[in-house]
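Peer 1: Next up is a structure, given as structure tokens.
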There are 2 protein chains.
Amino acid sequence: MFEVLFAHIEEKVTLTDKEKLAISEFFTFKKIRRKQYILQEGDICKNMVFINKGLLKSYRLDEKGGEHITVFGWEGWWISDLKSFLQQIPATLFIDAVKDTELLVISREDYEELTLAVPVMNRYFRILYENSLVTKDERLISLNRYTAEEKFQRLIDYNPEMIQRVPQHLIASYLGLAPATLSRIRKRLGSGK
Amino acid sequence: MFEVLFAHIEEKVTLTDKEKLAISEFFTFKKIRRKQYILQEGDICKNMVFINKGLLKSYRLDEKGGEHITVFGWEGWWISDLKSFLQQIPATLFIDAVKDTELLVISREDYEELTLAVPVMNRYFRILYENSLVTKDERLISLNRYTAEEKFQRLIDYNPEMIQRVPQHLIASYLGLAPATLSRIRKRLGSGK
DNA sequence: CGTCTCGTTGAGAGTTTTCAATGTAAGTGG
DNA sequence: CCACTTACATTGAAAACTCTCAACGAGACG
């Protein structure tokens with residue numbers, strides 16, 4: 001049940017069996033169905049979630065009900081509304097399942113406890129966040145001032161896995177494009193896949 | 001010389017005098033002039049930089065020489081090309097001084113050493129990166145699918161300090177807008193300041 | 001005083017969106 | 001297994017937005 005998580009942690013730091021045991025006791029296993037929410041705007045984000053299997057999306061709704069995806073999560077990724085989770089203030093994001101998904105869940109208090117009980121987890125989360133920052137930086141650069149076509153081309157170049165896993169209209173939302181625009185771009189690029 | 005840095009760290013974790021001494025030995029103080037680079041595209045980013053005083057910008061140049069600002073840094077902020085710094089690969093960013101600036105500099109090796117020598121710094125950097133992630137998330141949401149006017153309005157609402165500190169054409173670059181567009185928006189908003 | 005830097009403004013060009021219609025695939029319930 | 005509904009991609013045409021290019025003016029600085 002914890003294999004995916006431990007494998008992910010051990011890419012970054014070394015764990016003893018004792019630490020693994022300690023870590024495992026902070027998490028709860030959970031299955032959720034397609035379309036099920038794990039967080040809605042206005043909720044306090046009580047949990048950080050590690051994805052064992054499946055596909056989630058986090059997004060914001062605008063005034064007109066339009067969905068703007070901030071992040072996808074699949075096997076081996078963490079997902080949450082970090083701001084809401086860390087500061088325990090109302091969330092601005094929704095998170096729900098694109099398909100049936102298996103999760104490992106840790107609460108805010110347990111997250112803090114975990115870093116105290118297993119100090120090497122500070123190091124793990126530090127490295128995890130470093131990597132996230134790098135990813136987000138690249139995404140920021142992509143979104144800022146690239147044309148629609150360039151954004152999509154960069155996704156193909158740097159994140160081809162997403163194109164295979166995620167339906168096109170969700171990719172459009174992720175790139176900040178109208179679905180119609182993305183469709184036209186793909187035609188122009190010769191169905192760039 | 002280290003007051004600003006220690007104050008910043010102590011907002012997040014507690015330091016003993018011994019730890020402060022240890023920390024201080026990893027940093028080098030440096031002054032740089034307006035327009036001076038601390039990093040250019042293609043360099044390996046050797047240092048992470050804490051800003052004591054002044055104003056820096058980090059940016060990317062496009063094919064036509066256009067400058068796209070990713071981040072500003074002033075008193076109490078860290079700046080670097082994190083990807084280049086952590087992985088020791090060529091930088092994609094430029095970083096230079098908007099005005100004369102004072103820095104505390106730490107090298108890649110010393111950064112790693114520091115987290116080993118003063119373990120509480122793992123906690124500090126973890127929290128620092130958590131906060132950065134929250135900021136970047138909000139920036140991503142802003143850039144993605146908001147109109148120019150909404151982007152600027154959100155900057156006023158959420159980051160008014162930047163508007164006071166940073167010249168308008170650099171703000172335009174930061175928001176991914178042409179300077180002319182930002183000027184027109186301000187007129188529309190009644191010189192929104 | 002001359003040079004730069006920076007902000008403003010106008011007009012036309014280009015990109016992307018919106019709205020609507022169409023076709024197809026997939027999913028659901030009888 | 002069929003009929004019905006929903007979800008998704010495609011396409012066209014017009015509208016909306018932002019950019020580019022260019023000119024101009026004001027202020028800072030040496």
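In the structure tokens, each chain is lettered A, B, ... as it comes, each chain's residues begin at 1, and ligands are numbered from 1 in order of appearance.
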Pull out every residue of chain D sitting within 12 Å of chain B, counting only C-alpha atoms (C1' of nucleotides), and send them as number ranges by chain.
Peer 2: D: 16-21
Peer 1: Got a sec: who's within 10 Å of Arg126 of chain A, counting only C-alpha atoms (C1' of nucleotides), leaving out chain neighbours fewer than 2 positions off, as a PDB file with N, CA and C atoms, in the first residue's frame?
Peer 2:
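File produced: part-v4.pdb:
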ATOM      1  N   LYS A  12      14.738  10.534  -2.954  1.00  0.00           N
ATOM      2  CA  LYS A  12      15.312  11.792  -2.473  1.00  0.00           C
ATOM      3  C   LYS A  12      16.104  11.656  -1.185  1.00  0.00           C
ATOM      4  N   VAL A 120      14.126  13.459   8.892  1.00  0.00           N
ATOM      5  CA  VAL A 120      14.594  13.379   7.512  1.00  0.00           C
ATOM      6  C   VAL A 120      13.482  13.799   6.537  1.00  0.00           C
ATOM      7  N   MET A 121      12.259  13.801   7.006  1.00  0.00           N
ATOM      8  CA  MET A 121      11.159  14.235   6.156  1.00  0.00           C
ATOM      9  C   MET A 121      11.207  15.743   5.868  1.00  0.00           C
ATOM     10  N   ASN A 122      11.824  16.493   6.765  1.00  0.00           N
ATOM     11  CA  ASN A 122      12.052  17.910   6.454  1.00  0.00           C
ATOM     12  C   ASN A 122      12.911  18.027   5.212  1.00  0.00           C
ATOM     13  N   ARG A 123      13.913  17.195   5.196  1.00  0.00           N
ATOM     14  CA  ARG A 123      14.801  17.197   4.041  1.00  0.00           C
ATOM     15  C   ARG A 123      14.047  16.760   2.782  1.00  0.00           C
ATOM     16  N   TYR A 124      13.280  15.697   2.941  1.00  0.00           N
ATOM     17  CA  TYR A 124      12.475  15.216   1.803  1.00  0.00           C
ATOM     18  C   TYR A 124      11.538  16.309   1.297  1.00  0.00           C
ATOM     19  N   LEU A 128      11.450  18.121  -2.221  1.00  0.00           N
ATOM     20  CA  LEU A 128      10.199  18.057  -2.985  1.00  0.00           C
ATOM     21  C   LEU A 128       9.755  19.459  -3.409  1.00  0.00           C
ATOM     22  N   TYR A 129       9.821  20.372  -2.478  1.00  0.00           N
ATOM     23  CA  TYR A 129       9.368  21.731  -2.767  1.00  0.00           C
ATOM     24  C   TYR A 129      10.332  22.442  -3.707  1.00  0.00           C
ATOM     25  N   GLU A 130      11.616  22.178  -3.538  1.00  0.00           N
ATOM     26  CA  GLU A 130      12.578  22.716  -4.494  1.00  0.00           C
ATOM     27  C   GLU A 130      12.185  22.308  -5.907  1.00  0.00           C
ATOM     28  N   ASN A 131      11.915  21.016  -6.067  1.00  0.00           N
ATOM     29  CA  ASN A 131      11.567  20.525  -7.400  1.00  0.00           C
ATOM     30  C   ASN A 131      10.263  21.126  -7.907  1.00  0.00           C
ATOM     31  N   SER A 132       9.300  21.237  -7.019  1.00  0.00           N
ATOM     32  CA  SER A 132       8.039  21.872  -7.403  1.00  0.00           C
ATOM     33  C   SER A 132       8.260  23.298  -7.859  1.00  0.00           C
TER      34      SER A 132
ATOM     35  N   MET B 121      17.984  24.512   9.522  1.00  0.00           N
ATOM     36  CA  MET B 121      17.871  25.220   8.240  1.00  0.00           C
ATOM     37  C   MET B 121      17.084  24.422   7.207  1.00  0.00           C
ATOM     38  N   ASN B 122      17.063  23.120   7.347  1.00  0.00           N
ATOM     39  CA  ASN B 122      16.177  22.333   6.484  1.00  0.00           C
ATOM     40  C   ASN B 122      14.734  22.749   6.714  1.00  0.00           C
ATOM     41  N   ARG B 123      14.425  22.904   7.977  1.00  0.00           N
ATOM     42  CA  ARG B 123      13.077  23.334   8.328  1.00  0.00           C
ATOM     43  C   ARG B 123      12.813  24.739   7.781  1.00  0.00           C
ATOM     44  N   TYR B 124      13.791  25.610   7.970  1.00  0.00           N
ATOM     45  CA  TYR B 124      13.638  26.973   7.450  1.00  0.00           C
ATOM     46  C   TYR B 124      13.423  26.974   5.938  1.00  0.00           C
ATOM     47  N   PHE B 125      14.265  26.267   5.227  1.00  0.00           N
ATOM     48  CA  PHE B 125      14.122  26.268   3.763  1.00  0.00           C
ATOM     49  C   PHE B 125      12.840  25.569   3.339  1.00  0.00           C
ATOM     50  N   ARG B 126      12.463  24.546   4.071  1.00  0.00           N
ATOM     51  CA  ARG B 126      11.198  23.890   3.743  1.00  0.00           C
ATOM     52  C   ARG B 126      10.060  24.907   3.826  1.00  0.00           C
ATOM     53  N   ILE B 127      10.036  25.652   4.918  1.00  0.00           N
ATOM     54  CA  ILE B 127       8.962  26.634   5.098  1.00  0.00           C
ATOM     55  C   ILE B 127       9.075  27.749   4.059  1.00  0.00           C
ATOM     56  N   LEU B 128      10.305  28.165   3.814  1.00  0.00           N
ATOM     57  CA  LEU B 128      10.536  29.190   2.788  1.00  0.00           C
ATOM     58  C   LEU B 128       9.979  28.739   1.436  1.00  0.00           C
ATOM     59  N   TYR B 129      10.266  27.502   1.088  1.00  0.00           N
ATOM     60  CA  TYR B 129       9.814  27.001  -0.210  1.00  0.00           C
ATOM     61  C   TYR B 129       8.303  26.792  -0.224  1.00  0.00           C
ATOM     62  N   GLU B 130       7.762  26.365   0.889  1.00  0.00           N
ATOM     63  CA  GLU B 130       6.299  26.284   0.978  1.00  0.00           C
ATOM     64  C   GLU B 130       5.690  27.633   0.636  1.00  0.00           C
TER      65      GLU B 130
END
Peer 1: Distance table requested - chain B against chain C, cut-off 10 Å, only C-alpha atoms (C1' of nucleotides): one row per qualifying residue with the closest atom pair and its distance in Å to one decimal, ordered by chain and rising residue number, as a tab-separated table.
Peer 2:
residue	atom	partner	partner_atom	distance
B:Pro167	CA	C:DC6	C1'	8.5
B:Gln168	CA	C:DG7	C1'	8.1
B:His169	CA	C:DC6	C1'	7.7
B:Pro179	CA	C:DG7	C1'	8.5
B:Ala180	CA	C:DT8	C1'	7.8
B:Leu182	CA	C:DG7	C1'	10.0
B:Ser183	CA	C:DT8	C1'	6.9
B:Arg184	CA	C:DT8	C1'	8.2
B:Lys187	CA	C:DT8	C1'	9.6
Peer 1: Those same residues, written as a compact mmCIF listing (two decimals), in the first residue's frame with C-alpha atoms?
Peer 2:
# COMPACT_ATOMS: atom_id res chain seq x y z
CA PRO B 167 9.00 50.99 -12.28
CA GLN B 168 5.92 50.52 -14.40
CA HIS B 169 7.54 49.06 -17.49
CA PRO B 179 4.16 48.62 -21.51
CA ALA B 180 1.66 50.42 -23.70
CA LEU B 182 -0.37 48.65 -18.90
CA SER B 183 -0.35 52.38 -19.41
CA ARG B 184 -3.78 52.24 -21.03
CA LYS B 187 -5.79 55.22 -17.43
Peer 1: As a PyMOL selection string, list the residues of chain A assigned to strand (DSSP E or B) by DSSP on the backbone atoms of this structure.
Peer 2: chain A and resi 28-32+37-39+44+47-61+67-74+78-79+90+94-107
Peer 1: Could you write out that same residue set with C-alpha atoms as a PDB file, in the first residue's frame?
Peer 2:
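The new file part28.pdb reads:
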ATOM      1  CA  THR A  28      -4.681   6.975   5.738  1.00  0.00           C
ATOM      2  CA  PHE A  29      -5.525   5.044   2.606  1.00  0.00           C
ATOM      3  CA  LYS A  30      -8.573   6.147   0.647  1.00  0.00           C
ATOM      4  CA  LYS A  31     -10.308   5.407  -2.644  1.00  0.00           C
ATOM      5  CA  ILE A  32     -12.386   7.966  -4.448  1.00  0.00           C
ATOM      6  CA  TYR A  37     -14.302  16.190  -4.722  1.00  0.00           C
ATOM      7  CA  ILE A  38     -11.520  16.037  -2.222  1.00  0.00           C
ATOM      8  CA  LEU A  39     -11.582  19.791  -1.733  1.00  0.00           C
ATOM      9  CA  ILE A  44     -10.261  24.439   4.970  1.00  0.00           C
ATOM     10  CA  ASN A  47      -5.209  17.088   4.102  1.00  0.00           C
ATOM     11  CA  MET A  48      -2.281  16.788   1.857  1.00  0.00           C
ATOM     12  CA  VAL A  49      -2.691  13.918  -0.524  1.00  0.00           C
ATOM     13  CA  PHE A  50      -0.270  11.517  -2.156  1.00  0.00           C
ATOM     14  CA  ILE A  51      -1.638   9.822  -5.245  1.00  0.00           C
ATOM     15  CA  ASN A  52      -1.142   6.120  -5.431  1.00  0.00           C
ATOM     16  CA  LYS A  53      -3.030   5.571  -8.666  1.00  0.00           C
ATOM     17  CA  GLY A  54      -5.470   7.549 -10.796  1.00  0.00           C
ATOM     18  CA  LEU A  55      -5.818  11.152 -11.884  1.00  0.00           C
ATOM     19  CA  LEU A  56      -6.830  14.304 -10.029  1.00  0.00           C
ATOM     20  CA  LYS A  57      -7.082  17.902 -11.094  1.00  0.00           C
ATOM     21  CA  SER A  58      -6.992  21.066  -9.037  1.00  0.00           C
ATOM     22  CA  TYR A  59      -8.677  24.145 -10.410  1.00  0.00           C
ATOM     23  CA  ARG A  60     -10.289  27.462  -9.702  1.00  0.00           C
ATOM     24  CA  LEU A  61     -13.698  28.600 -10.912  1.00  0.00           C
ATOM     25  CA  GLU A  67     -12.716  26.039 -14.836  1.00  0.00           C
ATOM     26  CA  HIS A  68      -9.026  26.985 -14.755  1.00  0.00           C
ATOM     27  CA  ILE A  69      -6.798  24.039 -13.992  1.00  0.00           C
ATOM     28  CA  THR A  70      -3.696  24.713 -11.951  1.00  0.00           C
ATOM     29  CA  VAL A  71      -2.291  21.229 -11.658  1.00  0.00           C
ATOM     30  CA  PHE A  72      -2.864  17.588 -12.520  1.00  0.00           C
ATOM     31  CA  GLY A  73      -1.807  14.789 -10.223  1.00  0.00           C
ATOM     32  CA  TRP A  74      -1.237  11.140 -10.971  1.00  0.00           C
ATOM     33  CA  TRP A  78       1.297  15.194  -4.154  1.00  0.00           C
ATOM     34  CA  ILE A  79      -1.685  17.438  -4.402  1.00  0.00           C
ATOM     35  CA  PRO A  90     -10.406  28.748   3.293  1.00  0.00           C
ATOM     36  CA  PHE A  94     -11.259  22.765  -6.023  1.00  0.00           C
ATOM     37  CA  ILE A  95      -9.674  19.359  -6.303  1.00  0.00           C
ATOM     38  CA  ASP A  96     -11.529  16.431  -7.805  1.00  0.00           C
ATOM     39  CA  ALA A  97     -10.960  13.109  -9.491  1.00  0.00           C
ATOM     40  CA  VAL A  98     -10.795  12.844 -13.264  1.00  0.00           C
ATOM     41  CA  LYS A  99     -10.991   9.096 -12.824  1.00  0.00           C
ATOM     42  CA  ASP A 100     -11.195   6.629  -9.944  1.00  0.00           C
ATOM     43  CA  THR A 101      -8.194   7.269  -7.741  1.00  0.00           C
ATOM     44  CA  GLU A 102      -6.344   5.846  -4.731  1.00  0.00           C
ATOM     45  CA  LEU A 103      -4.878   8.207  -2.168  1.00  0.00           C
ATOM     46  CA  LEU A 104      -2.673   8.366   0.886  1.00  0.00           C
ATOM     47  CA  VAL A 105      -3.873  11.172   3.089  1.00  0.00           C
ATOM     48  CA  ILE A 106      -2.110  13.106   5.838  1.00  0.00           C
ATOM     49  CA  SER A 107      -3.654  15.813   8.011  1.00  0.00           C
TER      50      SER A 107
END
Peer 1: For a quick check of understanding, using only C-alpha atoms, which of B:Glu150, B:Glu109, B:Glu75, B:Glu19 has the smallest distance to chain A?
Peer 2: B:Glu150
Peer 1: Report chain B as an mmCIF file with C-alpha atoms, in the first residue's frame in the frame of chain A, after least-squares superposition over all C-alpha atoms paired in order.
Peer 2:
data_model
loop_
_atom_site.group_PDB
_atom_site.id
_atom_site.type_symbol
_atom_site.label_atom_id
_atom_site.label_comp_id
_atom_site.auth_asym_id
_atom_site.auth_seq_id
_atom_site.Cartn_x
_atom_site.Cartn_y
_atom_site.Cartn_z
ATOM 1 C CA MET B 1 -0.046 -0.019 -0.016
ATOM 2 C CA PHE B 2 2.855 2.312 0.719
ATOM 3 C CA GLU B 3 5.208 1.084 -1.979
ATOM 4 C CA VAL B 4 4.611 4.006 -4.322
ATOM 5 C CA LEU B 5 5.065 6.513 -1.519
ATOM 6 C CA PHE B 6 8.222 4.940 -0.148
ATOM 7 C CA ALA B 7 9.674 4.616 -3.599
ATOM 8 C CA HIS B 8 9.007 8.289 -4.142
ATOM 9 C CA ILE B 9 10.595 9.305 -0.848
ATOM 10 C CA GLU B 10 13.582 7.069 -1.418
ATOM 11 C CA GLU B 11 14.311 8.776 -4.692
ATOM 12 C CA LYS B 12 15.275 11.731 -2.545
ATOM 13 C CA VAL B 13 16.381 10.468 0.873
ATOM 14 C CA THR B 14 17.243 7.156 2.519
ATOM 15 C CA LEU B 15 14.772 5.552 4.916
ATOM 16 C CA THR B 16 15.279 2.928 7.604
ATOM 17 C CA ASP B 17 12.579 0.320 8.199
ATOM 18 C CA LYS B 18 11.814 2.001 11.464
ATOM 19 C CA GLU B 19 11.274 5.312 9.739
ATOM 20 C CA LYS B 20 9.049 3.674 7.155
ATOM 21 C CA LEU B 21 6.913 2.232 9.873
ATOM 22 C CA ALA B 22 6.700 5.597 11.590
ATOM 23 C CA ILE B 23 5.805 7.331 8.355
ATOM 24 C CA SER B 24 3.136 4.835 7.450
ATOM 25 C CA GLU B 25 1.300 5.494 10.676
ATOM 26 C CA PHE B 26 0.637 9.085 9.733
ATOM 27 C CA PHE B 27 -1.215 8.243 6.541
ATOM 28 C CA THR B 28 -4.693 6.986 5.749
ATOM 29 C CA PHE B 29 -5.523 5.059 2.608
ATOM 30 C CA LYS B 30 -8.573 6.163 0.655
ATOM 31 C CA LYS B 31 -10.310 5.424 -2.626
ATOM 32 C CA ILE B 32 -12.382 7.986 -4.437
ATOM 33 C CA ARG B 33 -14.581 7.898 -7.509
ATOM 34 C CA ARG B 34 -14.454 9.882 -10.733
ATOM 35 C CA LYS B 35 -15.877 13.394 -10.206
ATOM 36 C CA GLN B 36 -15.641 13.125 -6.454
ATOM 37 C CA TYR B 37 -14.293 16.215 -4.715
ATOM 38 C CA ILE B 38 -11.505 16.055 -2.213
ATOM 39 C CA LEU B 39 -11.576 19.826 -1.724
ATOM 40 C CA GLN B 40 -13.983 22.631 -2.530
ATOM 41 C CA GLU B 41 -13.516 26.371 -2.518
ATOM 42 C CA GLY B 42 -14.169 27.760 0.951
ATOM 43 C CA ASP B 43 -13.292 24.552 2.772
ATOM 44 C CA ILE B 44 -10.257 24.470 4.985
ATOM 45 C CA CYS B 45 -7.855 22.099 3.274
ATOM 46 C CA LYS B 46 -7.373 19.546 6.023
ATOM 47 C CA ASN B 47 -5.209 17.124 4.124
ATOM 48 C CA MET B 48 -2.289 16.818 1.862
ATOM 49 C CA VAL B 49 -2.705 13.944 -0.512
ATOM 50 C CA PHE B 50 -0.280 11.540 -2.142
ATOM 51 C CA ILE B 51 -1.651 9.860 -5.231
ATOM 52 C CA ASN B 52 -1.141 6.135 -5.433
ATOM 53 C CA LYS B 53 -3.026 5.613 -8.665
ATOM 54 C CA GLY B 54 -5.462 7.574 -10.784
ATOM 55 C CA LEU B 55 -5.807 11.184 -11.873
ATOM 56 C CA LEU B 56 -6.839 14.335 -10.014
ATOM 57 C CA LYS B 57 -7.078 17.934 -11.077
ATOM 58 C CA SER B 58 -7.002 21.101 -9.034
ATOM 59 C CA TYR B 59 -8.691 24.170 -10.408
ATOM 60 C CA ARG B 60 -10.292 27.495 -9.715
ATOM 61 C CA LEU B 61 -13.728 28.609 -10.902
ATOM 62 C CA ASP B 62 -14.183 32.113 -12.265
ATOM 63 C CA GLU B 63 -17.287 34.280 -11.926
ATOM 64 C CA LYS B 64 -18.824 32.748 -15.038
ATOM 65 C CA GLY B 65 -18.244 29.213 -13.837
ATOM 66 C CA GLY B 66 -15.236 28.628 -16.055
ATOM 67 C CA GLU B 67 -12.734 26.056 -14.812
ATOM 68 C CA HIS B 68 -9.048 27.001 -14.748
ATOM 69 C CA ILE B 69 -6.815 24.064 -13.977
ATOM 70 C CA THR B 70 -3.718 24.753 -11.936
ATOM 71 C CA VAL B 71 -2.291 21.269 -11.618
ATOM 72 C CA PHE B 72 -2.858 17.626 -12.484
ATOM 73 C CA GLY B 73 -1.797 14.815 -10.186
ATOM 74 C CA TRP B 74 -1.249 11.172 -10.955
ATOM 75 C CA GLU B 75 0.776 8.278 -9.492
ATOM 76 C CA GLY B 76 3.606 9.553 -7.353
ATOM 77 C CA TRP B 77 2.445 13.172 -7.065
ATOM 78 C CA TRP B 78 1.280 15.203 -4.142
ATOM 79 C CA ILE B 79 -1.703 17.472 -4.383
ATOM 80 C CA SER B 80 -3.433 19.980 -2.111
ATOM 81 C CA ASP B 81 -4.267 23.639 -1.798
ATOM 82 C CA LEU B 82 -0.955 24.384 -0.183
ATOM 83 C CA LYS B 83 -1.894 27.816 1.038
ATOM 84 C CA SER B 84 -5.105 26.612 2.628
ATOM 85 C CA PHE B 85 -3.377 23.545 4.028
ATOM 86 C CA LEU B 86 -0.430 25.330 5.576
ATOM 87 C CA GLN B 87 -2.231 28.360 6.890
ATOM 88 C CA GLN B 88 -5.554 26.645 7.584
ATOM 89 C CA ILE B 89 -7.538 29.313 5.778
ATOM 90 C CA PRO B 90 -10.395 28.783 3.313
ATOM 91 C CA ALA B 91 -9.337 27.195 0.062
ATOM 92 C CA THR B 92 -9.539 28.997 -3.257
ATOM 93 C CA LEU B 93 -9.167 25.788 -5.209
ATOM 94 C CA PHE B 94 -11.266 22.799 -6.025
ATOM 95 C CA ILE B 95 -9.679 19.396 -6.292
ATOM 96 C CA ASP B 96 -11.533 16.461 -7.792
ATOM 97 C CA ALA B 97 -10.963 13.138 -9.473
ATOM 98 C CA VAL B 98 -10.786 12.868 -13.258
ATOM 99 C CA LYS B 99 -10.987 9.132 -12.824
ATOM 100 C CA ASP B 100 -11.193 6.655 -9.949
ATOM 101 C CA THR B 101 -8.202 7.303 -7.738
ATOM 102 C CA GLU B 102 -6.346 5.877 -4.726
ATOM 103 C CA LEU B 103 -4.887 8.239 -2.169
ATOM 104 C CA LEU B 104 -2.684 8.385 0.878
ATOM 105 C CA VAL B 105 -3.885 11.192 3.089
ATOM 106 C CA ILE B 106 -2.103 13.125 5.827
ATOM 107 C CA SER B 107 -3.651 15.821 8.011
ATOM 108 C CA ARG B 108 -2.147 19.223 8.771
ATOM 109 C CA GLU B 109 -1.269 18.285 12.343
ATOM 110 C CA ASP B 110 0.175 14.960 11.320
ATOM 111 C CA TYR B 111 2.203 16.626 8.612
ATOM 112 C CA GLU B 112 3.855 18.805 11.213
ATOM 113 C CA GLU B 113 4.186 15.842 13.586
ATOM 114 C CA LEU B 114 5.713 13.753 10.866
ATOM 115 C CA THR B 115 8.480 16.237 10.217
ATOM 116 C CA LEU B 116 9.235 16.238 13.943
ATOM 117 C CA ALA B 117 8.988 12.485 14.423
ATOM 118 C CA VAL B 118 10.980 11.667 11.292
ATOM 119 C CA PRO B 119 13.321 14.603 10.747
ATOM 120 C CA VAL B 120 14.589 13.322 7.435
ATOM 121 C CA MET B 121 11.161 14.195 6.103
ATOM 122 C CA ASN B 122 12.058 17.857 6.386
ATOM 123 C CA ARG B 123 14.809 17.131 3.953
ATOM 124 C CA TYR B 124 12.440 15.175 1.742
ATOM 125 C CA PHE B 125 9.835 17.919 1.678
ATOM 126 C CA ARG B 126 12.486 20.547 1.161
ATOM 127 C CA ILE B 127 13.700 18.709 -1.924
ATOM 128 C CA LEU B 128 10.145 18.031 -3.037
ATOM 129 C CA TYR B 129 9.318 21.714 -2.817
ATOM 130 C CA GLU B 130 12.524 22.687 -4.566
ATOM 131 C CA ASN B 131 11.479 20.515 -7.465
ATOM 132 C CA SER B 132 7.964 21.886 -7.440
ATOM 133 C CA LEU B 133 9.342 25.394 -7.541
ATOM 134 C CA VAL B 134 11.418 24.547 -10.568
ATOM 135 C CA THR B 135 8.356 23.114 -12.302
ATOM 136 C CA LYS B 136 6.227 26.099 -11.439
ATOM 137 C CA ASP B 137 8.912 28.487 -12.623
ATOM 138 C CA GLU B 138 8.910 26.805 -15.980
ATOM 139 C CA ARG B 139 5.164 26.929 -16.094
ATOM 140 C CA LEU B 140 5.217 30.633 -15.276
ATOM 141 C CA ILE B 141 7.667 31.245 -18.071
ATOM 142 C CA SER B 142 5.436 29.268 -20.410
ATOM 143 C CA LEU B 143 2.268 31.087 -19.566
ATOM 144 C CA ASN B 144 3.820 34.500 -19.597
ATOM 145 C CA ARG B 145 3.964 35.931 -23.069
ATOM 146 C CA TYR B 146 4.112 32.759 -25.084
ATOM 147 C CA THR B 147 1.525 32.415 -27.817
ATOM 148 C CA ALA B 148 -1.009 29.622 -27.623
ATOM 149 C CA GLU B 149 0.924 27.610 -30.155
ATOM 150 C CA GLU B 150 4.202 28.035 -28.297
ATOM 151 C CA LYS B 151 2.596 27.037 -25.013
ATOM 152 C CA PHE B 152 1.370 23.813 -26.505
ATOM 153 C CA GLN B 153 4.664 23.134 -28.245
ATOM 154 C CA ARG B 154 6.459 23.575 -24.940
ATOM 155 C CA LEU B 155 4.075 21.149 -23.293
ATOM 156 C CA ILE B 156 4.878 18.592 -25.979
ATOM 157 C CA ASP B 157 8.584 19.185 -25.496
ATOM 158 C CA TYR B 158 8.741 19.299 -21.731
ATOM 159 C CA ASN B 159 5.724 17.396 -20.506
ATOM 160 C CA PRO B 160 4.698 14.826 -23.081
ATOM 161 C CA GLU B 161 3.365 12.488 -20.420
ATOM 162 C CA MET B 162 0.566 14.896 -19.645
ATOM 163 C CA ILE B 163 -0.643 14.861 -23.207
ATOM 164 C CA GLN B 164 -0.996 11.107 -23.076
ATOM 165 C CA ARG B 165 -2.724 11.001 -19.738
ATOM 166 C CA VAL B 166 -5.048 13.969 -19.791
ATOM 167 C CA PRO B 167 -8.026 14.706 -22.093
ATOM 168 C CA GLN B 168 -7.504 17.571 -24.487
ATOM 169 C CA HIS B 169 -10.068 19.983 -23.104
ATOM 170 C CA LEU B 170 -8.441 19.727 -19.678
ATOM 171 C CA ILE B 171 -5.056 20.446 -21.226
ATOM 172 C CA ALA B 172 -6.601 23.511 -22.822
ATOM 173 C CA SER B 173 -7.757 24.700 -19.428
ATOM 174 C CA TYR B 174 -4.310 24.019 -17.976
ATOM 175 C CA LEU B 175 -2.681 26.108 -20.695
ATOM 176 C CA GLY B 176 -5.217 28.894 -20.335
ATOM 177 C CA LEU B 177 -6.707 28.365 -23.778
ATOM 178 C CA ALA B 178 -10.200 27.848 -25.116
ATOM 179 C CA PRO B 179 -10.709 24.221 -26.171
ATOM 180 C CA ALA B 180 -11.468 25.454 -29.660
ATOM 181 C CA THR B 181 -8.127 27.226 -29.822
ATOM 182 C CA LEU B 182 -6.202 24.134 -28.799
ATOM 183 C CA SER B 183 -8.020 22.073 -31.363
ATOM 184 C CA ARG B 184 -7.064 24.523 -34.101
ATOM 185 C CA ILE B 185 -3.465 24.588 -32.950
ATOM 186 C CA ARG B 186 -3.203 20.850 -33.134
ATOM 187 C CA LYS B 187 -4.500 20.948 -36.650
ATOM 188 C CA ARG B 188 -1.932 23.570 -37.546
ATOM 189 C CA LEU B 189 0.890 21.532 -36.038
ATOM 190 C CA GLY B 190 -0.274 18.461 -37.934
ATOM 191 C CA SER B 191 -2.101 16.912 -34.977
ATOM 192 C CA GLY B 192 0.975 17.455 -32.810
ATOM 193 C CA LYS B 193 1.171 14.453 -30.632
#
Peer 1: Run DSSP on the backbone of this structure and report the residues of segment 32-151 of chain B it assigns to helix (DSSP H, G or I), as a ChimeraX atom specification.
Peer 2: /B:82-87,108-117,120-143,148-151
